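Engineer: Could you have a look at this structure, given as structure tokens, before my questions?
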Amino acid sequence: MPLKTFRPVTPSNRYKVLPDFQEITTDKPEKSLLRPLKKSGGRNNRGRITCRHRGGGHKRKYRIIDFKRRKFDIEGTVATVEYDPNRTCRIALIEYKDGEKAYILAPAGIKVGDKIVSSETAAPSIGNATPLSNVPLGTSIHNIELTPGSGGKIARSAGQFAVLSNREDGVALVKMPSGEIRKFNDRCLCTIGQVGNRDHMNEVSAKAGRTRWKGIRPTVRGMCMNPVDHPNGGGEGKSKSGGGRQHLKSPWGHVKGQKTRQKHKGSDKFIVQRRKTKNA
């Protein structure tokens, strides 16, 4: 999916890089698959802010996505490829032979008119959903279930994919987008191909207003605050000591950069190789 740049006639246009939306075939979503989406403003049921920097933004409606690929052994046809304001990738509207419609995550390369199917014996072609036991080794996959029947959880954002690297005794080894190698039950469903909108990571919004449209409010650095407001605050000018950069903490005093994963987590037994880090 190509990106487009703009003539620098305004300060924001100088650096703006946005998708050209060539793959989008309609701007009218399927009404039967829309649901209201209420904004929380980052507040919990008691009205207290539990997630900062949220609020405002454009009105949206939620598109119901079939992460479970429920229509087994029924061929479907791609009717439209659409923009989804709730996620980074595109979505595809599937019309099945029995008349039912459903949204799926649009894989890279899928087009209107393509045929897809969810089946135990589906061919390894783009958009088909099939268990890991039926996928050839080395195939790029996405929307992978963590447990059979739970619906896809892994590799769902724009441009993401995992690779099936090995299979033995009912266990499949999958290399995750992070580089981690993890064990899966080979009865878990996955979708063949890479998630579409691969150039999303190269987009440049170029102005603060576009971030506000997404419902993200401004973030003030702790170093700019006073000591009473933040552990990193205080000091004369850009201080590197008392209110300094070396004390990287959250507003509540938790030291940043430390591992937050539980020391003895139950899912550790499924991890064969940890993800690659910058120091590795």
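Here's how to read the names in the structure tokens: chain A, B, ... by the order shown, residue numbers from 1 in each chain, ligand numbers from 1 in the order shown.
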Can you check which parts of stretch 37-76 of chain A lie within 10 Å of stretch 219-230 of chain A? Per residue, the shortest pair of atoms and distance in Å to one decimal, counting only C-alpha atoms, sorted by chain and number, as a tab-separated table.

Structural biologist:
residue	atom	partner	partner_atom	distance
A:Arg52	CA	A:Thr219	CA	8.6
A:His53	CA	A:Thr219	CA	6.4
A:Arg54	CA	A:Thr219	CA	9.9

Engineer: Go ahead and write the residues just picked, C-alpha atoms, as a PDB file, in the first residue's frame.

Structural biologist:
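Ended up saving to part_1.pdb:
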ATOM      1  CA  ARG A  52      -4.117   9.295  31.582  1.00  0.00           C
ATOM      2  CA  HIS A  53      -4.017  11.303  28.354  1.00  0.00           C
ATOM      3  CA  ARG A  54      -7.321  10.070  26.957  1.00  0.00           C
TER       4      ARG A  54
END

Engineer: Considering only strand (DSSP E or B) as DSSP defines it on the backbone, what residues of stretch 70-220 of chain A qualify? List them as number ranges by chain.

Structural biologist: A: 72, 76-82, 91-96, 101-105, 107, 115-116, 118, 129-131, 140-142, 144-145, 152-154, 162-168, 171-175, 181-185, 189-192, 195, 204, 216

Engineer: Leaving out A:Arg275 and any residue of its chain fewer than 4 positions from it, which residues lie within 10 Å of it when counting only C-alpha atoms, given as a list in words?

Structural biologist: Lys175, Met176, Pro177, Ser178, Gly179, Glu180, Ile181, Arg182, Ile271 and Ala280 of chain A

Engineer: Please, which residues of stretch 22-255 of chain A, numbered as in this document, come out alpha helix (DSSP H) from DSSP, as a PDB file with N, CA and C atoms, in the first residue's frame?

Structural biologist:
ATOM      1  N   ALA A 208      -0.202  18.119  15.800  1.00  0.00           N
ATOM      2  CA  ALA A 208      -0.799  17.669  17.052  1.00  0.00           C
ATOM      3  C   ALA A 208      -2.284  17.398  16.903  1.00  0.00           C
ATOM      4  N   GLY A 209      -2.939  18.122  15.992  1.00  0.00           N
ATOM      5  CA  GLY A 209      -4.378  17.965  15.842  1.00  0.00           C
ATOM      6  C   GLY A 209      -4.788  16.561  15.456  1.00  0.00           C
ATOM      7  N   ARG A 210      -3.983  15.908  14.620  1.00  0.00           N
ATOM      8  CA  ARG A 210      -4.334  14.557  14.191  1.00  0.00           C
ATOM      9  C   ARG A 210      -4.289  13.594  15.375  1.00  0.00           C
ATOM     10  N   THR A 211      -3.389  13.840  16.310  1.00  0.00           N
ATOM     11  CA  THR A 211      -3.344  13.006  17.518  1.00  0.00           C
ATOM     12  C   THR A 211      -4.579  13.236  18.374  1.00  0.00           C
ATOM     13  N   ARG A 212      -5.056  14.483  18.438  1.00  0.00           N
ATOM     14  CA  ARG A 212      -6.274  14.774  19.199  1.00  0.00           C
ATOM     15  C   ARG A 212      -7.495  14.114  18.565  1.00  0.00           C
ATOM     16  N   TRP A 213      -7.521  14.021  17.227  1.00  0.00           N
ATOM     17  CA  TRP A 213      -8.631  13.343  16.562  1.00  0.00           C
ATOM     18  C   TRP A 213      -8.725  11.879  16.996  1.00  0.00           C
TER      19      TRP A 213
END

Engineer: Using only C-alpha atoms, can you tell me which of A:Val255, A:Met201, A:Leu3, A:Val135 comes closest to A:Glu23?

Structural biologist: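 Ranking A:Val255, A:Met201, A:Leu3, A:Val135 by distance to A:Glu23, first place goes to A:Leu3.
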
Engineer: Atom CA of A:Pro131 to atom CA of A:Ala172: how many Å, to one decimal?

Structural biologist: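 Computing it gives 10.2 Å between the two atoms.
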
Engineer: For atom CA of A:Leu105 and atom CA of A:Asp199, quote the distance in Å rounded to one decimal.

Structural biologist: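 Interatomic distance, atom CA of A:Leu105 to atom CA of A:Asp199: 15.8 Å.
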